[in-house]
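Data from coords_29.txt: compact mmCIF, C-alpha atoms
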# COMPACT_ATOMS: atom_id res chain seq x y z
CA MET K 5 98.28 153.21 173.65
CA LYS K 6 94.54 152.55 173.45
CA ILE K 7 93.30 150.08 170.86
CA ALA K 8 89.80 149.32 169.60
CA TYR K 9 90.04 145.60 168.83
CA ALA K 10 87.41 144.78 166.19
CA THR K 11 86.49 141.10 165.72
CA VAL K 12 83.38 139.30 164.50
CA TYR K 13 83.85 136.71 167.28
CA ASP K 14 84.08 137.07 171.07
CA VAL K 15 87.80 137.12 171.85
CA LEU K 16 87.22 136.57 175.56
CA ASN K 17 84.81 133.63 175.34
CA LYS K 18 86.37 130.50 173.84
CA GLY K 19 83.16 128.58 174.39
CA THR K 20 81.50 130.56 171.59
CA TRP K 21 84.15 129.83 168.95
CA SER K 22 82.99 127.61 166.11
CA LYS K 23 85.19 124.63 165.29
CA HIS K 24 86.08 125.79 161.77
CA LEU K 25 87.22 129.20 163.11
CA GLN K 26 89.32 127.86 165.99
CA GLY K 27 92.63 128.85 164.40
CA LEU K 28 91.51 132.39 163.58
CA CYS K 29 89.95 132.92 167.01
CA THR K 30 92.95 131.48 168.84
CA ALA K 31 95.29 133.79 166.95
CA GLY K 32 93.08 136.76 167.79
CA SER K 33 93.15 135.73 171.44
CA TYR K 34 96.94 135.51 171.50
CA ILE K 35 97.25 138.93 169.86
CA ALA K 36 94.97 140.47 172.49
CA LYS K 37 96.77 138.73 175.37
CA ASN K 38 100.18 139.90 174.24
CA LEU K 39 98.95 143.44 173.66
CA VAL K 40 97.70 143.48 177.25
CA ASP K 41 101.07 142.15 178.39
CA GLU K 42 102.62 145.11 176.57
CA ASN K 43 100.60 147.48 178.81
CA THR K 44 98.20 148.28 176.01
CA ASN K 45 94.64 149.29 176.80
CA ILE K 46 92.18 147.25 174.72
CA ASN K 47 88.55 148.06 174.05
CA TYR K 48 86.98 144.91 172.62
CA ILE K 49 84.69 145.77 169.70
CA GLY K 50 83.07 142.39 169.29
CA PRO K 51 81.48 140.03 168.80
CA LEU K 52 79.71 141.60 165.86
CA LYS K 53 76.24 140.40 164.95
CA LYS K 54 75.62 139.13 161.42
CA SER K 55 72.32 140.62 160.26
CA PHE K 56 70.04 140.10 157.25
CA SER K 57 69.89 136.33 157.77
CA VAL K 58 66.57 135.96 155.90
CA LEU K 59 68.03 137.56 152.76
CA THR K 60 71.35 135.70 152.92
CA ARG K 61 69.72 132.32 153.60
CA THR K 62 67.43 132.81 150.63
CA LYS K 63 70.39 133.65 148.40
CA TRP K 64 72.39 130.70 149.72
CA SER K 65 69.52 128.32 149.00
CA LEU K 66 68.97 129.75 145.52
CA TYR K 67 72.60 129.49 144.49
CA ARG K 68 73.14 126.07 146.06
CA ASN K 69 69.97 124.36 144.80
CA VAL K 70 69.38 126.09 141.47
CA PHE K 71 72.77 127.20 140.19
CA LYS K 72 74.88 124.62 142.08
CA LYS K 73 77.22 127.38 143.23
CA ASP K 74 78.45 128.60 146.62
CA TYR K 75 77.27 131.90 148.04
CA TYR K 76 78.81 133.29 151.25
CA SER K 77 76.84 135.66 153.43
CA TRP K 78 79.98 137.11 155.02
CA ALA K 79 80.76 138.72 151.65
CA GLU K 80 77.35 140.38 151.40
CA PRO K 81 77.68 144.22 151.29
CA LEU K 82 74.63 144.66 153.54
CA VAL K 83 76.35 142.53 156.19
CA ALA K 84 79.60 144.49 155.81
CA ARG K 85 77.77 147.83 156.12
CA ASN K 86 76.07 146.62 159.28
CA TYR K 87 79.38 145.45 160.74
CA ALA K 88 80.80 148.92 160.12
CA TYR K 89 77.76 150.53 161.75
CA GLN K 90 78.18 148.36 164.85
CA ILE K 91 81.86 149.29 165.12
CA GLU K 92 81.17 152.99 164.60
CA THR K 93 78.45 152.94 167.27
CA LYS K 94 80.80 151.36 169.82
CA LEU K 95 83.65 153.72 168.88
CA ASN K 96 81.44 156.65 169.82
CA PHE K 97 81.69 155.48 173.43
CA ALA K 98 85.33 154.40 173.34
CA ASP K 99 88.49 156.40 173.94
CA CYS K 100 90.84 154.81 171.41
CA ASP K 101 93.89 155.81 169.40
CA VAL K 102 93.67 153.18 166.68
CA VAL K 103 91.36 150.45 165.35
CA LEU K 104 92.99 147.04 164.91
CA CYS K 105 91.19 144.32 162.99
CA PRO K 106 92.88 140.91 162.97
CA GLU K 107 92.35 138.57 160.00
CA ASN K 108 89.03 139.81 158.59
CA VAL K 109 88.75 142.72 156.13
CA ILE K 110 84.96 142.61 155.83
CA PRO K 111 84.07 144.55 159.02
CA ILE K 112 86.20 147.53 157.96
CA ALA K 113 85.13 147.77 154.30
CA TYR K 114 82.66 150.58 155.06
CA LEU K 115 84.10 151.74 158.38
CA LYS K 116 84.30 155.50 158.85
CA CYS K 117 86.12 156.72 161.95
CA LYS K 118 88.62 159.34 163.07
CA GLN K 119 91.09 156.72 164.26
CA PRO K 120 93.65 155.11 161.94
CA ILE K 121 92.61 151.62 160.81
CA VAL K 122 95.06 148.72 160.96
CA LEU K 123 94.58 145.25 159.47
CA TRP K 124 96.75 142.23 160.40
CA THR K 125 95.99 139.20 158.27
CA ASP K 126 97.57 136.23 156.48
CA ALA K 127 96.22 136.77 152.95
CA THR K 128 93.90 138.74 150.73
CA LEU K 129 90.58 137.00 150.24
CA ASN K 130 90.98 137.36 146.50
CA SER K 131 94.16 135.23 146.57
CA LEU K 132 92.25 132.36 148.19
CA ILE K 133 89.65 132.03 145.42
CA ASN K 134 90.34 128.78 143.54
CA PHE K 135 93.27 128.24 145.94
CA TYR K 136 91.31 126.78 148.85
CA ARG K 137 88.80 124.07 147.97
CA HIS K 138 85.90 125.77 149.76
CA LEU K 139 86.41 128.78 147.50
CA ASP K 140 86.62 127.03 144.14
CA ASN K 141 82.92 127.00 143.24
CA LEU K 142 81.85 130.53 144.08
CA CYS K 143 78.96 132.26 142.41
CA ASP K 144 79.81 135.40 140.45
CA GLU K 145 78.03 137.58 143.01
CA THR K 146 80.27 136.42 145.86
CA ILE K 147 83.42 136.80 143.74
CA GLU K 148 82.45 140.35 142.80
CA ASN K 149 81.53 141.17 146.40
CA ILE K 150 84.85 139.86 147.73
CA TYR K 151 86.81 142.00 145.30
CA LYS K 152 84.72 145.11 145.93
CA LEU K 153 84.69 144.81 149.73
CA GLU K 154 88.36 143.93 150.00
CA LYS K 155 89.40 146.81 147.77
CA LYS K 156 87.36 149.23 149.90
CA ALA K 157 88.79 147.82 153.13
CA LEU K 158 92.43 147.90 152.04
CA ASN K 159 92.08 151.44 150.74
CA ARG K 160 90.54 152.52 154.06
CA CYS K 161 93.41 151.04 156.06
CA ASP K 162 96.25 153.31 157.13
CA LEU K 163 98.46 150.30 157.84
CA ILE K 164 98.19 146.76 156.45
CA ILE K 165 100.24 144.01 158.06
CA PHE K 166 100.53 140.68 156.28
CA THR K 167 102.15 137.53 157.60
CA SER K 168 104.15 136.90 154.40
CA GLU K 169 105.71 138.57 151.39
CA TRP K 170 103.41 136.46 149.19
CA ALA K 171 100.31 138.05 150.72
CA ALA K 172 101.81 141.54 150.62
CA ASN K 173 102.76 141.22 146.95
CA ASN K 174 99.28 139.94 146.09
CA ALA K 175 97.67 143.01 147.66
CA ILE K 176 100.00 145.33 145.77
CA GLU K 177 99.46 143.58 142.42
CA THR K 178 95.71 142.97 142.74
CA TYR K 179 94.54 146.20 144.33
CA ALA K 180 97.37 148.62 143.51
CA ILE K 181 97.92 149.24 147.22
CA SER K 182 100.89 151.46 148.00
CA PRO K 183 103.79 149.37 149.34
CA SER K 184 104.53 152.17 151.80
CA LYS K 185 101.56 151.22 153.99
CA ILE K 186 102.24 147.46 153.91
CA LYS K 187 104.45 145.60 156.40
CA VAL K 188 105.19 141.91 156.93
CA VAL K 189 105.04 140.40 160.42
CA PRO K 190 104.42 136.64 160.77
CA PHE K 191 102.00 135.30 163.36
CA GLY K 192 103.27 133.35 166.35
CA ALA K 193 102.69 129.83 167.64
CA ASN K 194 99.25 129.00 169.02
CA LEU K 195 100.86 127.07 171.87
CA GLU K 196 102.26 128.42 175.10
CA SER K 197 106.02 128.01 175.45
CA ASN K 198 108.42 128.78 178.27
CA ARG K 199 111.14 126.52 176.91
CA SER K 200 114.71 127.80 176.94
CA TYR K 201 117.55 127.09 174.53
CA GLU K 202 119.01 124.69 177.09
CA ASP K 203 115.66 122.89 177.38
CA ILE K 204 115.56 122.39 173.61
CA ARG K 205 119.19 121.30 173.40
CA SER K 206 118.57 118.71 176.10
CA CYS K 207 115.44 117.51 174.28
CA VAL K 208 117.21 117.26 170.93
CA GLU K 209 120.20 115.41 172.38
CA SER K 210 117.94 112.93 174.17
CA LYS K 211 116.08 111.90 171.00
CA THR K 212 116.91 108.49 169.64
CA GLN K 213 117.80 108.33 165.96
CA SER K 214 115.62 105.25 165.43
CA PRO K 215 112.80 105.12 164.79
CA PHE K 216 112.79 108.31 162.76
CA LYS K 217 109.54 110.11 163.61
CA LEU K 218 107.58 112.22 161.13
CA LEU K 219 104.65 114.27 162.43
CA PHE K 220 101.83 115.21 160.04
CA MET K 221 99.37 117.65 161.62
CA GLY K 222 96.40 119.08 159.72
CA VAL K 223 92.62 118.98 159.48
CA ASP K 224 92.47 118.30 155.73
CA TRP K 225 94.24 115.15 154.50
CA VAL K 226 94.00 116.11 150.83
CA ARG K 227 94.87 119.82 150.98
CA LYS K 228 97.65 119.35 153.53
CA GLY K 229 99.34 116.69 151.41
CA GLY K 230 98.65 113.61 153.51
CA SER K 231 99.17 111.21 150.62
CA THR K 232 102.61 112.69 149.94
CA ALA K 233 103.55 112.44 153.60
CA LEU K 234 102.55 108.77 153.55
CA GLN K 235 104.62 108.16 150.41
CA ILE K 236 107.64 109.86 152.01
CA ALA K 237 107.41 107.65 155.09
CA THR K 238 106.96 104.56 152.92
CA GLU K 239 110.01 105.31 150.76
CA LEU K 240 112.16 106.08 153.80
CA ASN K 241 111.28 102.70 155.24
CA ASN K 242 112.03 101.04 151.91
CA PHE K 243 115.40 102.77 151.88
CA GLY K 244 116.21 101.33 155.28
CA LEU K 245 115.52 104.30 157.55
CA LYS K 246 113.04 102.91 160.07
CA THR K 247 110.31 105.55 160.05
CA GLU K 248 107.07 106.20 161.91
CA LEU K 249 104.40 108.59 160.62
CA LEU K 250 102.01 110.06 163.13
CA VAL K 251 98.91 111.68 161.62
CA VAL K 252 97.13 114.15 163.90
CA GLY K 253 93.93 116.10 163.28
CA CYS K 254 92.33 114.20 160.42
CA GLN K 255 91.37 110.77 159.14
CA PRO K 256 92.83 109.55 155.85
CA PRO K 257 90.21 108.49 153.28
CA ILE K 258 88.79 105.03 153.92
CA ASN K 259 90.25 103.78 150.63
CA VAL K 260 93.80 104.61 151.78
CA ARG K 261 95.53 101.53 153.16
CA LEU K 262 97.68 102.48 156.14
CA PRO K 263 100.82 100.45 156.92
CA ASP K 264 101.70 99.45 160.47
CA PHE K 265 104.20 102.31 160.77
CA VAL K 266 101.36 104.87 160.56
CA LYS K 267 99.39 105.93 163.63
CA VAL K 268 96.33 108.17 163.39
CA ILE K 269 95.00 110.46 166.11
CA ASP K 270 91.87 112.09 164.73
CA PHE K 271 91.50 114.97 167.18
CA ILE K 272 93.29 116.38 170.22
CA ASP K 273 91.59 119.09 172.27
CA LYS K 274 94.36 121.56 173.12
CA SER K 275 92.02 123.50 175.40
CA LYS K 276 92.17 120.66 177.94
CA PRO K 277 95.32 119.97 180.00
CA GLU K 278 95.49 116.34 178.95
CA GLY K 279 95.17 117.31 175.29
CA LEU K 280 97.84 119.97 175.59
CA ASP K 281 100.18 117.51 177.30
CA LYS K 282 99.63 115.06 174.45
CA ILE K 283 100.36 117.68 171.78
CA ASN K 284 103.51 118.77 173.60
CA LYS K 285 104.72 115.16 173.84
CA LEU K 286 104.14 114.56 170.14
CA PHE K 287 106.13 117.64 169.15
CA ALA K 288 108.91 116.85 171.62
CA GLU K 289 109.37 113.33 170.23
CA ALA K 290 109.16 114.20 166.52
CA HIS K 291 112.24 114.63 164.34
CA PHE K 292 110.45 116.59 161.59
CA LEU K 293 107.04 118.10 160.95
CA VAL K 294 106.04 117.13 157.42
CA LEU K 295 103.29 119.10 155.66
CA PRO K 296 103.50 118.88 151.84
CA THR K 297 100.50 121.14 151.54
CA LEU K 298 98.85 122.05 148.23
CA ALA K 299 97.33 125.32 149.47
CA ASP K 300 98.13 127.34 152.58
CA CYS K 301 98.89 130.86 153.77
CA THR K 302 101.16 130.83 156.85
CA PRO K 303 100.16 127.91 159.09
CA HIS K 304 100.75 128.37 162.83
CA VAL K 305 101.87 124.75 163.11
CA PHE K 306 105.32 125.60 161.72
CA ALA K 307 105.98 128.05 164.54
CA GLU K 308 104.58 125.52 167.01
CA ALA K 309 106.96 122.82 165.75
CA ASN K 310 109.91 125.21 165.83
CA SER K 311 109.09 126.08 169.45
CA PHE K 312 110.09 122.49 170.25
CA GLY K 313 113.17 122.58 168.02
CA VAL K 314 111.41 120.53 165.36
CA PRO K 315 112.34 121.48 161.77
CA CYS K 316 109.60 121.64 159.14
CA ILE K 317 109.34 120.13 155.66
CA SER K 318 106.74 121.66 153.39
CA THR K 319 105.95 123.06 149.96
CA ASN K 320 106.75 126.51 148.64
CA VAL K 321 103.14 127.64 148.25
CA GLY K 322 101.34 130.68 149.64
CA GLY K 323 103.37 132.44 152.30
CA ILE K 324 105.18 129.38 153.64
CA ALA K 325 108.58 130.52 152.35
CA THR K 326 108.38 133.47 154.76
CA LEU K 327 108.08 131.08 157.69
CA ILE K 328 110.45 128.30 156.63
CA GLN K 329 113.95 129.45 155.80
CA ASP K 330 115.80 126.67 154.01
CA ASN K 331 118.41 124.99 156.21
CA LEU K 332 117.58 127.21 159.17
CA ASN K 333 114.27 125.82 160.37
CA GLY K 334 113.47 123.26 157.69
CA ARG K 335 113.13 123.10 153.94
CA THR K 336 110.50 123.88 151.32
CA PHE K 337 110.02 122.02 148.04
CA SER K 338 108.08 122.84 144.89
CA VAL K 339 104.58 121.39 144.66
CA SER K 340 105.81 119.26 141.76
CA ALA K 341 108.78 117.86 143.72
CA SER K 342 109.08 114.09 143.73
CA VAL K 343 108.89 112.00 146.89
CA SER K 344 112.52 111.06 146.28
CA GLU K 345 113.56 114.71 146.60
CA TYR K 346 112.01 114.89 150.07
CA CYS K 347 113.62 111.60 151.06
CA ASP K 348 117.05 112.55 149.74
CA TYR K 349 116.98 115.69 151.87
CA ILE K 350 115.85 113.85 155.01
CA ILE K 351 118.45 111.10 154.57
CA SER K 352 121.24 113.63 153.95
CA VAL K 353 120.40 115.40 157.21
CA MET K 354 119.86 112.28 159.28
CA THR K 355 122.98 110.50 158.01
CA ASN K 356 125.09 112.94 159.99
CA TYR K 357 123.06 113.32 163.15
CA GLY K 358 125.12 116.32 164.18
CA ASP K 359 123.70 118.17 161.17
CA TYR K 360 120.19 117.32 162.31
CA GLN K 361 120.89 118.59 165.82
CA LYS K 362 122.22 121.89 164.45
CA LEU K 363 119.09 122.24 162.30
CA ALA K 364 116.86 121.52 165.29
CA LEU K 365 118.58 124.15 167.42
CA SER K 366 118.48 126.77 164.67
CA SER K 367 114.76 125.97 164.24
CA PHE K 368 114.21 126.94 167.87
CA GLU K 369 116.27 130.09 167.33
CA GLU K 370 113.97 131.05 164.44
CA TYR K 371 111.02 130.60 166.77
CA GLN K 372 112.63 132.72 169.47
CA SER K 373 113.70 135.51 167.13
CA ARG K 374 110.62 135.97 164.92
CA LEU K 375 107.97 133.23 165.10
CA ASN K 376 106.43 133.85 168.52
CA TRP K 377 103.57 136.09 169.57
CA ASN K 378 105.63 138.19 171.96
CA VAL K 379 108.01 139.34 169.23
CA ALA K 380 105.24 139.66 166.62
CA VAL K 381 102.95 141.78 168.80
CA LYS K 382 105.81 144.02 169.94
CA ASN K 383 106.65 144.71 166.30
CA VAL K 384 103.03 145.45 165.43
CA LYS K 385 102.59 147.70 168.46
CA GLU K 386 105.65 149.70 167.41
CA LEU K 387 104.24 150.05 163.89
CA MET K 388 100.90 151.26 165.29
CA MET K 389 102.62 153.77 167.58
CA GLU K 390 104.58 155.14 164.62
CA LEU K 391 101.33 155.40 162.70
CA CYS K 392 99.60 157.23 165.52
CA ASP K 393 102.54 159.64 165.87
CA THR K 394 102.24 160.40 162.18
CA LYS K 395 98.49 160.97 162.54
CA PHE K 396 99.00 163.11 165.65
CA ILE K 397 96.75 160.84 167.69
CA VAL K 398 99.20 160.37 170.58
Mind turning the file's structure into structure tokens?
Amino acid sequence: MKIAYATVYDVLNKGTWSKHLQGLCTAGSYIAKNLVDENTNINYIGPLKKSFSVLTRTKWSLYRNVFKKDYYSWAEPLVARNYAYQIETKLNFADCDVVLCPENVIPIAYLKCKQPIVLWTDATLNSLINFYRHLDNLCDETIENIYKLEKKALNRCDLIIFTSEWAANNAIETYAISPSKIKVVPFGANLESNRSYEDIRSCVESKTQSPFKLLFMGVDWVRKGGSTALQIATELNNFGLKTELLVVGCQPPINVRLPDFVKVIDFIDKSKPEGLDKINKLFAEAHFLVLPTLADCTPHVFAEANSFGVPCISTNVGGIATLIQDNLNGRTFSVSASVSEYCDYIISVMTNYGDYQKLALSSFEEYQSRLNWNVAVKNVKELMMELCDTKFIV
């Protein structure tokens, strides 16, 4: 199978990835790597150049300074048309069976090509408006552009793969997309893993029950539910379960008083061996990953935790319920759940440590069976091959 892999960023050059797009770019890199491992021929259609900067900067300045609203150039139709033109030009010189675009619908909104178009993403853009904080003050023009461009892109796709049922249902309800061309395949863990079941069992059995270690990992203290995680750790300690909370990836607000049982590591660079070793050690020592997030799609960190046999505690928002299966690899709670509900669950599991060990091992089994890139990419490749057979491309 020959795939045209269309991305706005350079998949092969990590040094060019912007910090706020690290997760997206890393996922795109893992998809490409695993496709290559599956003996797939990839023609990299990217990075794509964002044009019309004079126009978009003028609009951004106008909306920001005059109307106090946010305007995003990536949702500008002129930019989307130019992305499509760049892809079409490169496809003229490429021998490909299918076009795969990971994450971003914008480049394919106006794309015209003979090959089937496949999108693999974690959410519709429309579902993120007023869900993520950076999308809660959009100007009307950007909102209208997002809807128009996304509708065009989804209608052009021959196959749409979402990472959760939540995202799939949103596309069906918002854009009247036929369910027949939508599939659900979760992303994998953005950490390498060669750990076996025996490795995880040994790791789980070697963990001490005290102190109980909670790992909070996220770049946004507020959105990821940092204050709730802190309250959970505090109440567990008050109950008598000696608990440590390790915060990784962000700094709590300066007005938040942190008890001695909280340790903060602002940033760990996973691209460096010493950073990767540190991340691996933190996961290996943790009893639970806790992420009471207020808004999320399908965070990779759950799969990463499960790859170490670490169960996850989170909220039932976005597509998280697709990743976390209650009592298999963790537990989800409603956004309105009390801190006591979280603590009652943790105490009930930890009181009988054998129950915790079973949960940890089944968490790793969930990672092995469905939450790793190898399995995910194999499933997507099979779906694309079926699509191409239908279209008489191969």
With the cut-off set at 6 Å and counting all atoms listed in the file, tabulate each residue of stretch 46-99 of chain K with an atom at most that distance from an atom of stretch 9-23 of chain K, showing the nearest atom pair and its distance in Å to one decimal, ordered by chain and increasing number, as a tab-separated table.
residue	atom	partner	partner_atom	distance
K:Asn47	CA	K:Tyr9	CA	6.0
K:Tyr48	CA	K:Tyr9	CA	4.9
K:Ile49	CA	K:Ala10	CA	4.5
K:Gly50	CA	K:Thr11	CA	5.1
K:Pro51	CA	K:Tyr13	CA	4.4
K:Leu52	CA	K:Val12	CA	4.5
* To do: Excluding K:Ala193 and residues on its chain fewer than 4 positions from it, collect all residues at most 6 Å away from it, counting only C-alpha atoms, and give them as a count of residues only.
  => 4
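Coordinates place atom CA of K:Leu234 at a distance of 28.0 Å from atom CA of K:Trp170.
By all atoms listed in the file, and with residues fewer than 4 positions from stretch 28-38 of chain K along its chain excluded, the set lying at most 7 Å from it is K:Val15, K:Trp21, K:Glu42, K:Pro106, K:Asn194, K:Trp377, K:Asn378, K:Val381.
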* Asked: Which residues, written as an MDAnalysis selection string, have at least one atom at most 12 Å from K:Tyr371, with all atoms listed in the file counted and residues fewer than 5 positions away on the same chain left out?
  -> chainID K and resid 190:193 195 197:201 204 304:316 327:329 332:334 364:366 376:380
* **Residues near K:Thr394, cut-off 12 Å, only C-alpha atoms, skip fewer than 3 positions along chain, as a list in words** => Asp101, Gln119, Pro120, Asp162, Leu163, Leu387, Met388, Met389, Glu390, Leu391, Ile397 and Val398 of chain K
Given the selection you just returned, output its residues as a file containing C-alpha atoms, formatted as a tab-separated table (two decimals), in the coordinates of the input.
chain	number	residue	atom	x	y	z
K	101	ASP	CA	93.89	155.81	169.40
K	119	GLN	CA	91.09	156.72	164.26
K	120	PRO	CA	93.65	155.11	161.94
K	162	ASP	CA	96.25	153.31	157.13
K	163	LEU	CA	98.46	150.30	157.84
K	387	LEU	CA	104.24	150.05	163.89
K	388	MET	CA	100.90	151.26	165.29
K	389	MET	CA	102.62	153.77	167.58
K	390	GLU	CA	104.58	155.14	164.62
K	391	LEU	CA	101.33	155.40	162.70
K	397	ILE	CA	96.75	160.84	167.69
K	398	VAL	CA	99.20	160.37	170.58
* **Protein/DNA/RNA residues near (72.2, 143.6, 163.6), cut 10 Å, all atoms listed in the file, as a PyMOL selection string** => chain K and resi 52-57+83+86-87+89-90
* Å distance separating atom CA of K:Leu39 from atom CA of K:Ile272, one decimal place ->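 Atom-to-atom, atom CA of K:Leu39 to atom CA of K:Ile272, that is 27.9 Å.
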* To do: Rank nothing, just name the residue among K:Glu289, K:Glu369, K:Glu386, K:Asp300 nearest to K:Glu209, using all atoms listed in the file.
  =>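 Smallest distance to K:Glu209 is found for K:Glu289.
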* Asked: In Å, with one decimal, what is the gap from atom CA of K:Cys100 to atom CA of K:Ile46?
  -> 8.4 Å
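Shortest separation to K:Val226 among K:Glu278, K:Arg137, K:Val294, K:Lys187 occurs at residue K:Arg137, atoms counted being only C-alpha atoms.
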* Which is closer to K:Gly322 than all the others in K:Thr44, K:Thr167, K:Thr247, K:Ser77, using only C-alpha atoms? -> K:Thr167
* Which one is closest to K:Cys392: K:Cys117, K:Gly244, K:Leu293, K:Ile7? Count all atoms listed in the file. ->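 Closest residue, counting all atoms listed in the file: K:Ile7.
Among K:Ser344, K:Gln361, K:Gln26, K:Asn45, the residue with the shortest atom-to-atom distance to K:Ser210, counting all atoms listed in the file, is K:Gln361.
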